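Asks: What follows is the file upload.cif, containing mmCIF, C-alpha atoms:
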```cif
data_coords
loop_
_atom_site.label_atom_id
_atom_site.label_comp_id
_atom_site.auth_asym_id
_atom_site.auth_seq_id
_atom_site.Cartn_x
_atom_site.Cartn_y
_atom_site.Cartn_z
CA MET G 1 64.04 -118.78 -66.57
CA ALA G 2 62.40 -120.62 -69.42
CA ARG G 3 63.26 -117.78 -71.79
CA PHE G 4 66.88 -117.88 -70.63
CA LEU G 5 67.13 -121.63 -71.20
CA ALA G 6 65.56 -121.25 -74.64
CA GLY G 7 68.12 -118.57 -75.52
CA CYS G 8 70.99 -120.80 -74.32
CA SER G 9 69.61 -123.69 -76.37
CA ARG G 10 69.47 -121.58 -79.53
CA THR G 11 73.02 -120.33 -78.95
CA CYS G 12 74.35 -123.85 -78.47
CA MET G 13 72.54 -124.97 -81.61
CA ARG G 14 74.14 -122.16 -83.63
CA ILE G 15 77.58 -123.14 -82.33
CA VAL G 16 77.00 -126.77 -83.30
CA GLN G 17 75.80 -125.75 -86.76
CA TRP G 18 78.99 -123.77 -87.38
CA MET G 19 81.30 -126.60 -86.28
CA PRO G 20 81.54 -128.25 -89.75
CA VAL G 21 82.54 -124.88 -91.24
CA VAL G 22 85.19 -124.48 -88.53
CA ILE G 23 86.54 -127.97 -89.30
CA VAL G 24 86.77 -127.23 -93.03
CA SER G 25 88.50 -123.91 -92.31
CA ALA G 26 91.01 -125.58 -89.98
CA ILE G 27 91.88 -128.20 -92.62
CA LEU G 28 92.38 -125.46 -95.22
CA ILE G 29 94.68 -123.47 -92.91
CA TRP G 30 96.74 -126.54 -92.02
CA GLY G 31 97.03 -127.60 -95.67
CA TYR G 32 98.06 -124.08 -96.62
CA TYR G 33 100.81 -124.12 -93.98
CA VAL G 34 102.14 -127.49 -95.12
CA TYR G 35 102.17 -126.74 -98.85
CA VAL G 36 103.31 -123.12 -98.75
CA TYR G 37 105.76 -123.06 -95.87
CA VAL G 38 106.94 -126.62 -95.26
CA MET G 39 107.14 -127.82 -98.86
CA ASN G 40 108.21 -124.61 -100.62
CA ILE G 41 109.36 -121.68 -98.49
CA SER G 42 111.29 -123.52 -95.76
CA GLY G 43 113.75 -125.04 -98.24
CA LYS G 44 113.45 -128.47 -96.64
CA PHE G 45 112.09 -129.91 -99.88
CA PRO G 46 114.17 -128.42 -102.73
CA LYS G 47 112.65 -128.95 -106.15
CA HIS G 48 115.98 -128.99 -108.02
CA SER G 49 119.67 -129.29 -107.32
CA SER G 50 120.14 -125.69 -108.45
CA PRO G 51 118.84 -123.21 -105.80
CA HIS G 52 117.76 -120.69 -108.45
CA ILE G 53 115.77 -123.24 -110.45
CA SER G 54 114.30 -124.66 -107.25
CA THR G 55 113.13 -121.18 -106.21
CA LEU G 56 111.62 -120.53 -109.63
CA ILE G 57 109.70 -123.81 -109.56
CA SER G 58 108.40 -123.06 -106.07
CA VAL G 59 107.25 -119.58 -107.13
CA LEU G 60 105.36 -120.96 -110.14
CA LEU G 61 103.76 -123.71 -108.06
CA LEU G 62 102.66 -121.25 -105.38
CA LEU G 63 101.37 -118.75 -107.93
CA PHE G 64 99.05 -121.24 -109.59
CA MET G 65 98.05 -122.70 -106.24
CA HIS G 66 96.97 -119.29 -104.94
CA VAL G 67 94.82 -118.70 -108.02
CA LEU G 68 92.96 -121.97 -107.36
CA LEU G 69 92.79 -121.21 -103.63
CA VAL G 70 91.22 -117.78 -104.16
CA LEU G 71 88.60 -119.20 -106.51
CA GLN G 72 87.81 -121.96 -104.04
CA LEU G 73 87.62 -119.69 -101.00
CA VAL G 74 85.43 -117.11 -102.72
CA SER G 75 83.09 -119.87 -103.93
CA TYR G 76 82.96 -121.33 -100.41
CA LEU G 77 82.31 -118.00 -98.71
CA ARG G 78 79.62 -117.03 -101.20
CA CYS G 79 77.98 -120.41 -100.74
CA ILE G 80 77.91 -119.82 -96.97
CA PHE G 81 76.87 -116.18 -96.78
CA THR G 82 74.65 -115.74 -99.85
CA GLN G 83 71.14 -114.78 -98.76
CA HIS G 84 68.46 -116.74 -100.55
CA GLU G 85 65.97 -114.91 -102.73
CA ALA G 86 62.54 -114.48 -101.18
CA ILE G 87 59.37 -115.90 -102.70
CA PRO G 88 57.75 -113.23 -104.91
CA GLU G 89 54.87 -111.36 -103.31
CA GLU G 90 52.24 -112.74 -105.66
CA PHE G 91 52.72 -116.24 -104.21
CA TYR G 92 51.75 -115.14 -100.68
CA LEU G 93 48.16 -115.33 -99.52
CA THR G 94 46.57 -112.21 -98.06
CA ASP G 95 45.44 -112.27 -94.44
CA GLU G 96 41.85 -112.70 -95.58
CA GLN G 97 42.79 -115.58 -97.86
CA VAL G 98 44.78 -117.25 -95.07
CA GLU G 99 41.75 -117.12 -92.77
CA ARG G 100 39.49 -118.51 -95.50
CA PHE G 101 41.94 -121.28 -96.24
CA GLN G 102 42.26 -122.26 -92.59
CA ARG G 103 38.48 -122.38 -92.19
CA GLN G 104 38.03 -124.44 -95.35
CA ASP G 105 40.91 -126.72 -94.43
CA MET G 106 39.44 -127.43 -91.01
CA VAL G 107 36.01 -128.41 -92.31
CA GLY G 108 37.05 -130.07 -95.51
CA ASP G 109 39.36 -129.06 -98.32
CA GLY G 110 41.14 -125.75 -98.85
CA GLN G 111 42.32 -126.65 -102.36
CA PRO G 112 39.56 -124.69 -104.20
CA LEU G 113 40.89 -121.45 -102.73
CA LEU G 114 44.48 -122.40 -103.58
CA ARG G 115 43.52 -123.26 -107.14
CA GLU G 116 41.77 -119.92 -107.44
CA VAL G 117 44.83 -118.02 -106.21
CA ALA G 118 47.23 -120.10 -108.35
CA THR G 119 45.28 -119.48 -111.55
CA ASP G 120 47.63 -116.74 -112.73
CA LEU G 121 50.79 -118.13 -111.12
CA PRO G 122 53.48 -120.03 -113.10
CA VAL G 123 53.19 -123.29 -111.15
CA HIS G 124 53.35 -126.70 -112.80
CA THR G 125 54.16 -129.04 -109.91
CA ARG G 126 51.56 -130.52 -107.59
CA THR G 127 51.37 -132.55 -104.41
CA THR G 128 51.06 -136.33 -104.47
CA ASN G 129 47.27 -135.83 -104.43
CA ARG G 130 47.49 -133.48 -107.46
CA GLY G 131 46.81 -130.48 -105.22
CA ILE G 132 48.42 -127.04 -105.18
CA ARG G 133 51.61 -127.03 -103.11
CA TYR G 134 51.17 -124.75 -100.09
CA CYS G 135 53.51 -123.89 -97.20
CA LYS G 136 51.57 -123.52 -93.98
CA TYR G 137 54.57 -121.96 -92.24
CA CYS G 138 55.28 -119.23 -94.80
CA LYS G 139 51.59 -118.97 -95.79
CA ALA G 140 52.44 -118.98 -99.46
CA ILE G 141 51.88 -121.13 -102.51
CA LYS G 142 55.15 -122.87 -103.23
CA PRO G 143 56.75 -121.99 -106.57
CA ASP G 144 58.01 -124.86 -108.67
CA ARG G 145 61.04 -126.58 -107.10
CA CYS G 146 60.62 -124.61 -103.87
CA HIS G 147 60.66 -126.42 -100.51
CA HIS G 148 60.52 -125.40 -96.87
CA CYS G 149 63.71 -125.99 -94.88
CA SER G 150 63.05 -126.75 -91.22
CA ILE G 151 66.61 -125.75 -90.26
CA CYS G 152 66.60 -122.40 -92.05
CA ASN G 153 62.90 -122.00 -91.14
CA ARG G 154 61.96 -120.60 -94.54
CA CYS G 155 61.08 -121.64 -98.07
CA ILE G 156 64.10 -121.99 -100.36
CA LEU G 157 63.75 -121.38 -104.10
CA LYS G 158 64.92 -124.39 -106.14
CA MET G 159 66.06 -126.11 -102.97
CA ASP G 160 68.67 -128.82 -103.51
CA HIS G 161 69.50 -129.76 -99.92
CA HIS G 162 70.63 -128.29 -96.60
CA CYS G 163 74.40 -128.68 -96.39
CA PRO G 164 75.96 -128.72 -92.89
CA TRP G 165 79.42 -128.09 -94.36
CA VAL G 166 78.35 -124.62 -95.47
CA ASN G 167 75.74 -124.14 -92.71
CA ASN G 168 73.27 -123.02 -95.34
CA CYS G 169 70.72 -124.35 -97.75
CA VAL G 170 71.89 -124.99 -101.30
CA GLY G 171 69.35 -123.56 -103.71
CA TYR G 172 68.81 -121.24 -106.63
CA SER G 173 70.78 -118.33 -105.14
CA ASN G 174 73.98 -120.23 -104.33
CA TYR G 175 73.86 -123.50 -106.28
CA LYS G 176 76.44 -122.29 -108.79
CA PHE G 177 78.79 -121.35 -105.95
CA PHE G 178 78.31 -124.79 -104.38
CA VAL G 179 79.20 -126.61 -107.61
CA LEU G 180 82.21 -124.33 -108.15
CA PHE G 181 83.32 -124.96 -104.56
CA LEU G 182 83.25 -128.71 -105.17
CA PHE G 183 85.04 -128.29 -108.51
CA TYR G 184 87.88 -126.09 -107.23
CA THR G 185 88.23 -128.21 -104.09
CA VAL G 186 88.79 -131.35 -106.15
CA VAL G 187 91.18 -129.52 -108.50
CA LEU G 188 93.11 -128.06 -105.56
CA LEU G 189 93.40 -131.45 -103.84
CA LEU G 190 94.59 -133.14 -107.03
CA TYR G 191 97.03 -130.29 -107.59
CA PHE G 192 98.51 -130.83 -104.12
CA CYS G 193 98.79 -134.58 -104.61
CA ILE G 194 100.40 -134.32 -108.06
CA THR G 195 102.86 -131.52 -107.29
CA GLY G 196 103.61 -132.88 -103.84
CA LEU G 197 104.10 -136.49 -104.87
CA TYR G 198 107.89 -136.09 -105.20
CA ASP G 199 108.15 -134.55 -101.74
CA PHE G 200 105.85 -137.26 -100.35
CA ILE G 201 108.14 -139.99 -101.71
CA ARG G 202 111.24 -138.28 -100.35
CA SER G 203 109.61 -138.04 -96.92
CA TRP G 204 109.82 -141.81 -96.62
CA SER G 205 113.58 -141.74 -97.21
CA ASP G 206 116.28 -141.00 -94.65
CA THR G 207 117.36 -137.70 -96.20
CA LEU G 208 115.12 -135.72 -93.80
CA LYS G 209 115.83 -137.77 -90.73
CA GLU G 210 116.64 -134.69 -88.67
CA ASP G 211 113.22 -133.05 -89.28
CA ARG G 212 110.56 -135.61 -88.50
CA ALA G 213 107.87 -132.95 -87.96
CA ALA G 214 108.14 -131.82 -91.57
CA LYS G 215 108.03 -135.40 -92.83
CA PHE G 216 105.00 -136.16 -90.66
CA ASN G 217 103.11 -133.08 -91.89
CA VAL G 218 103.81 -133.83 -95.55
CA ILE G 219 102.87 -137.50 -95.31
CA LEU G 220 99.71 -136.88 -93.30
CA CYS G 221 98.61 -133.95 -95.46
CA PHE G 222 99.14 -136.02 -98.61
CA PHE G 223 96.95 -138.84 -97.27
CA VAL G 224 94.26 -136.40 -96.12
CA CYS G 225 94.17 -134.65 -99.49
CA ALA G 226 94.04 -137.94 -101.37
CA CYS G 227 91.18 -139.21 -99.19
CA PHE G 228 89.20 -135.97 -99.58
CA ALA G 229 89.76 -135.95 -103.34
CA VAL G 230 88.49 -139.52 -103.66
CA SER G 231 85.42 -138.76 -101.51
CA ILE G 232 84.51 -135.35 -102.97
CA ALA G 233 85.04 -136.21 -106.65
CA PRO G 234 81.97 -138.52 -106.81
CA LEU G 235 79.88 -135.79 -105.20
CA LEU G 236 81.11 -133.33 -107.84
CA PHE G 237 80.26 -135.73 -110.68
CA PHE G 238 76.83 -136.33 -109.17
CA HIS G 239 76.03 -132.62 -109.09
CA LEU G 240 77.38 -132.15 -112.62
CA TYR G 241 74.97 -134.87 -113.68
CA LEU G 242 72.16 -133.01 -111.88
CA VAL G 243 73.11 -129.76 -113.62
CA MET G 244 73.19 -131.33 -117.08
CA SER G 245 69.84 -133.07 -116.51
CA ASN G 246 68.31 -130.01 -114.78
CA LYS G 247 67.42 -131.74 -111.56
CA CYS G 248 68.04 -131.01 -107.91
CA THR G 249 68.79 -133.67 -105.32
CA LEU G 250 65.18 -133.78 -104.12
CA GLU G 251 63.89 -134.18 -107.68
CA ASN G 252 66.41 -136.95 -108.31
CA LEU G 253 65.00 -138.82 -105.31
CA ALA G 254 61.36 -138.21 -106.24
CA ALA G 255 60.19 -137.04 -109.66
CA PRO G 256 58.24 -133.77 -109.80
CA ILE G 257 54.50 -134.33 -109.96
CA THR G 258 52.32 -132.44 -112.40
CA ALA G 259 48.60 -132.54 -113.03
CA ASP G 260 49.32 -135.41 -115.45
CA GLY G 261 51.46 -137.36 -112.98
CA PRO G 262 55.19 -137.69 -112.19
CA ASP G 263 57.60 -136.34 -114.79
CA GLN G 264 61.30 -136.95 -114.20
CA LYS G 265 62.28 -134.72 -117.15
CA LEU G 266 59.84 -131.90 -116.47
CA PHE G 267 62.50 -129.16 -116.44
CA ASP G 268 64.97 -130.78 -118.85
CA ARG G 269 65.88 -128.28 -121.59
CA GLY G 270 68.76 -130.19 -123.13
CA VAL G 271 72.34 -130.18 -121.88
CA ARG G 272 73.15 -126.73 -123.24
CA GLY G 273 69.99 -125.12 -121.89
CA ASN G 274 70.42 -126.85 -118.54
CA LEU G 275 74.00 -125.62 -118.16
CA ARG G 276 72.88 -122.09 -119.00
CA GLN G 277 70.30 -122.09 -116.23
CA VAL G 278 73.04 -122.59 -113.63
CA PHE G 279 76.19 -121.07 -115.16
CA GLY G 280 74.68 -118.46 -117.48
CA ARG G 281 75.41 -117.74 -121.13
CA SER G 282 78.92 -116.28 -120.73
CA CYS G 283 81.74 -118.82 -121.00
CA LEU G 284 84.13 -116.34 -119.35
CA LEU G 285 81.96 -115.96 -116.24
CA ALA G 286 80.84 -119.57 -116.00
CA LEU G 287 83.82 -120.65 -113.87
CA LEU G 288 83.97 -117.47 -111.78
CA PRO G 289 82.12 -117.20 -108.44
CA VAL G 290 79.72 -114.52 -109.65
CA HIS G 291 75.97 -114.92 -109.97
CA THR G 292 75.10 -115.65 -113.60
CA SER G 293 72.23 -118.11 -113.15
CA GLU G 294 69.23 -117.44 -115.37
CA GLY G 295 65.72 -116.72 -114.20
CA ASN G 296 64.36 -115.56 -110.85
CA GLY G 297 64.21 -118.93 -109.08
CA ALA G 298 60.41 -118.84 -108.83
CA SER G 299 59.47 -119.97 -112.34
CA PHE G 300 61.24 -122.27 -114.76
CA PRO G 301 60.66 -123.23 -118.40
CA THR G 302 59.64 -126.85 -118.81
CA SER G 303 60.49 -129.46 -121.38
CA ARG G 304 57.15 -128.70 -123.00
CA ASP G 305 58.05 -125.06 -123.59
CA ARG G 306 60.43 -123.48 -126.05
CA ASP G 307 62.91 -120.72 -125.50
CA ASP G 308 63.79 -117.88 -127.83
CA ASP G 309 66.67 -119.75 -129.46
CA GLU G 310 64.39 -122.65 -130.35
CA TRP G 311 61.95 -120.27 -132.02
CA ASN G 312 64.78 -119.23 -134.34
CA THR G 313 65.83 -122.77 -135.28
CA VAL G 314 62.80 -125.03 -134.96
CA PRO G 315 59.77 -124.72 -137.28
CA VAL G 316 56.65 -123.56 -135.48
CA ARG G 317 53.81 -126.04 -135.29
CA SER G 318 50.43 -125.30 -136.77
CA GLY G 319 48.04 -123.51 -134.48
CA SER G 320 50.57 -120.90 -133.38
CA SER G 321 50.40 -117.29 -134.44
CA ARG G 322 54.01 -117.58 -135.54
CA ASN G 323 52.95 -120.10 -138.19
CA GLN G 324 50.43 -117.83 -139.91
CA ASP G 325 51.64 -116.89 -143.37
CA PRO G 326 51.55 -113.21 -144.26
CA GLU G 327 49.86 -112.00 -147.39
CA PRO G 328 51.86 -112.72 -150.59
CA ARG G 329 53.98 -109.82 -151.67
CA THR G 330 53.24 -108.37 -155.14
CA LEU G 331 56.27 -107.24 -157.09
CA GLU G 332 55.78 -104.90 -160.02
CA LEU G 333 58.28 -105.24 -162.85
CA ASP G 334 59.03 -102.54 -165.38
CA ARG G 335 59.87 -103.12 -169.02
CA ASP G 336 63.50 -104.00 -168.20
CA GLY G 337 62.47 -106.68 -165.68
CA LEU G 338 63.47 -104.55 -162.68
CA THR G 339 61.24 -103.99 -159.70
CA SER G 340 59.79 -100.61 -159.06
CA GLY G 341 60.88 -100.83 -155.42
CA ASP G 342 64.34 -100.75 -153.92
CA GLU G 343 64.89 -104.51 -153.73
CA SER G 344 63.09 -107.78 -154.38
CA GLU G 345 62.19 -110.21 -151.65
CA VAL G 346 61.55 -113.92 -151.46
CA GLU G 347 59.48 -115.11 -148.51
CA ILE G 348 60.33 -118.50 -147.09
CA PHE G 349 57.80 -120.06 -144.79
CA ALA G 350 58.00 -123.06 -142.46
CA VAL G 351 55.00 -125.35 -142.89
CA GLY G 352 54.99 -128.29 -140.51
CA GLU G 353 58.47 -129.72 -140.52
CA LEU G 354 59.41 -128.51 -144.03
CA ALA G 355 60.41 -125.06 -145.30
CA GLU G 356 58.68 -124.12 -148.49
CA THR G 357 59.22 -121.16 -150.74
CA GLN G 358 56.19 -118.92 -151.15
CA PRO G 359 55.69 -118.24 -154.85
CA LEU G 360 55.91 -114.70 -155.99
CA THR G 361 52.98 -112.98 -157.68
CA GLN G 362 54.35 -110.84 -160.44
CA THR G 363 52.46 -108.16 -162.35
CA THR G 364 54.18 -106.86 -165.40
CA GLN G 365 53.45 -103.34 -166.44
CA LEU G 366 53.36 -103.06 -170.21
#
```
What's the C-alpha cells form of this structure?
Replies:
Amino acid sequence: MARFLAGCSRTCMRIVQWMPVVIVSAILIWGYYVYVYVMNISGKFPKHSSPHISTLISVLLLLFMHVLLVLQLVSYLRCIFTQHEAIPEEFYLTDEQVERFQRQDMVGDGQPLLREVATDLPVHTRTTNRGIRYCKYCKAIKPDRCHHCSICNRCILKMDHHCPWVNNCVGYSNYKFFVLFLFYTVVLLLYFCITGLYDFIRSWSDTLKEDRAAKFNVILCFFVCACFAVSIAPLLFFHLYLVMSNKCTLENLAAPITADGPDQKLFDRGVRGNLRQVFGRSCLLALLPVHTSEGNGASFPTSRDRDDDEWNTVPVRSGSSRNQDPEPRTLELDRDGLTSGDESEVEIFAVGELAETQPLTQTTQL
C-alpha cells in the first residue's frame, strides 16, 4: 500500500511539474489561431482596400511570422528535452574512496582525501570554508560551476537555475537554447503587437459589430502579448548581461569562491570570449538552435588564463617558455651581398611589453 501511494505521489508530482509547459503551449496555440486565422486568413481584418494587395500583405506577414515561430518552438523544445551532460568519470570517487571519505567525515574532516583526489582535476572554486566542493548524493567532486538540483536529483554542469516553465534545469547543455527561446519569444510578441496594432485599433470601432468574438480575441490577445513582452524582455536583458559577463544566476547572487577568496569575475574572458563560450565562434550558427557552446561544461578557463587567440596578440610575460629567445640566426653573405640560403629572415621578439628586433649577425665571406 505504501509503495502504491508513493507511486501515485510521484505521478501527481510529474503532472504538476508539466503544468507550466502545458500553459505555455496553450497560449502559443491560442495566439497562433488568433494571428493566423482570425487576423489574416478569415478576411475579417483586411490589410488593404484592394483584395489582391491585402492577400499579399497577409502572406508576407505570415511567412515571416512562421520563420520566427519555428525558431522559437525549436529553441523551446530543445530547452525542455535536452539531456544534460554527465559529470566526467574522473570526478567520481571510487567505492573505496567513498568509504574512506565517509569514515573520515564522521570522525573529523574528509577534506584531505578530497584534496588528494582533486589534485589533478581542473577545479578552481571552493566551499565557503575553502574546502573542495563535494556532492554527497552523486558521490563526486563538483566541477567548477556545477551544482546539485534537488528537483532533477542530479548534478547539473554550469547550473543556472531550475526553470518550471521548461520543466528542466537550465545549464551548460541547454543554456544557449534558453536564451534563444527568450529572444525569439520577445521578438515574436513584439512582431504580433506591431503588425497587429492596426487590427487592434479597428477592433474598438463599430465596423466589426457583427463579429464580437473576433474583436474579443484580437483585443485580448494583443493585451496578453504586450504584457508578456514587457515581463519577458527584462529577463532576456538580464540573461544577456549574464552571458556577456560570463556568470550564471547562482554566481550573480553569490560570487564564486576560490582558495584566495570570492572572485566575481573569475570566469570573465571579455565580452567576445564570453559570448563565444555560449554561442560559439560561428556568427551564422549563433542564432540557430543548435549546440555550439564551447568546452565540455566541466572545466572553464578563468580570467587568469589566456586562450590561444591571446597568445597570438599579447606579448608573453617573462618566465614562460614562449618568451625564451631562440639562438640568433647567422646569415652568410657572398661577394654580391646575397645570402647563401634561399631567403633572409629577421627575427622579432617580444620582451616584456615591447617588441624588439633581434640584430642579425652577419659573416661576410671574402
Asks: Just checking: using only C-alpha atoms, which residue out of G:Leu189, G:Leu68, G:Val278, G:Cys146 ends up closest to His124 (chain G)?
Replies: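 Selected residue with least distance to His124 (chain G): G:Cys146.
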Asks: One decimal, in Å: what's the spacing between CA of Leu69 (chain G) and CA of Tyr35 (chain G)?
Replies: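 About the pair CA of Leu69 (chain G) and CA of Tyr35 (chain G): they are 11.9 Å apart.
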Asks: Taking the file as shown, what set of residues would the PyMOL selection byres ((chain G and resi 288) around 10) give back, as an NGL selection string?
Replies: :G and (71-72 or 74-75 or 176-177 or 180 or 279 or 283-287 or 289-292)
Asks: May I ask which of the residues G:Val187, G:Ile41, G:Ala213, G:Leu220 is the closest one to Thr55 (chain G), counting all atoms listed in the file?
Replies: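 So, comparing all the options, the nearest one is G:Ile41.
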Asks: Show me, as a ChimeraX atom specification, the residues that have an atom within 6 Å of region 293-304 of chain G when counting all atoms listed in the file, minus same-chain residues fewer than 2 positions from it.
Replies: /G:143,157,172,266-269,277-280,291
Asks: Evaluate the PyMOL selection byres ((chain G and resi 112-123) around 9) against this structure - the residues, as a list in words, please.
Replies: Glu90, Phe91, Leu93, Gln97, Arg100, Phe101, Gln104, Asp109, Gly110, Gln111, His124, Thr125, Arg126, Gly131, Ile132, Arg133, Tyr134, Ile141, Lys142, Pro143, Asp144, Ala298, Ser299 and Phe300 of chain G
Asks: Where does the PyMOL selection byres ((chain G and resi 32) around 12) land in this file, that is, which residues does it pick, as number ranges by chain?
Replies: G: 25-31, 33-41, 62, 65-66, 69-70, 188-189, 192, 217-218, 221, 225
Asks: Work out how far apart CA of Leu63 (chain G) and CA of Ile232 (chain G) are and give it in Å to one decimal.
Replies: 24.2 Å
Asks: Leaving out region 159-161 of chain G and any residue of its chain fewer than 5 positions from it, which residues lie within 7 Å of it when counting only C-alpha atoms, given as a list in words?
Replies: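 Here the answer would be Arg145, Cys146, His147, Cys169, Val170, Gly171, Tyr172, Cys248, Thr249 and Leu250 of chain G.
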Asks: Using CA of Pro20 (chain G) and CA of Trp165 (chain G) as the two end points, give the distance in Å to one decimal.
Replies: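 The value is 5.1 Å.
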Asks: Which is closest to Pro164 (chain G) among G:Thr127, G:Ser245, G:Asn274, G:Gln17, if we use all atoms listed in the file?
Replies: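 Counting all atoms listed in the file, the residue closest to Pro164 (chain G) is G:Gln17.
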Asks: For a quick check of understanding, using all atoms listed in the file, which of G:Ser231, G:Cys12, G:Ile23, G:Phe222 has the smallest distance to Thr195 (chain G)?
Replies: G:Phe222
Asks: Name the closest residue to Phe81 (chain G) among the candidates G:Leu242, G:Val67, G:Val21, G:Ala254; distances are taken between atoms, counting all atoms listed in the file.
Replies: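 Closest candidate: G:Val21.
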Asks: For each of G:Leu56, G:Ile219, G:Ala214, G:Ala6, take the minimum atom-to-atom distance to Phe200 (chain G), counting only C-alpha atoms, then give the residue where this is smallest.
Replies: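 Using only C-alpha atoms, Phe200 (chain G) sits closest to G:Ile219.
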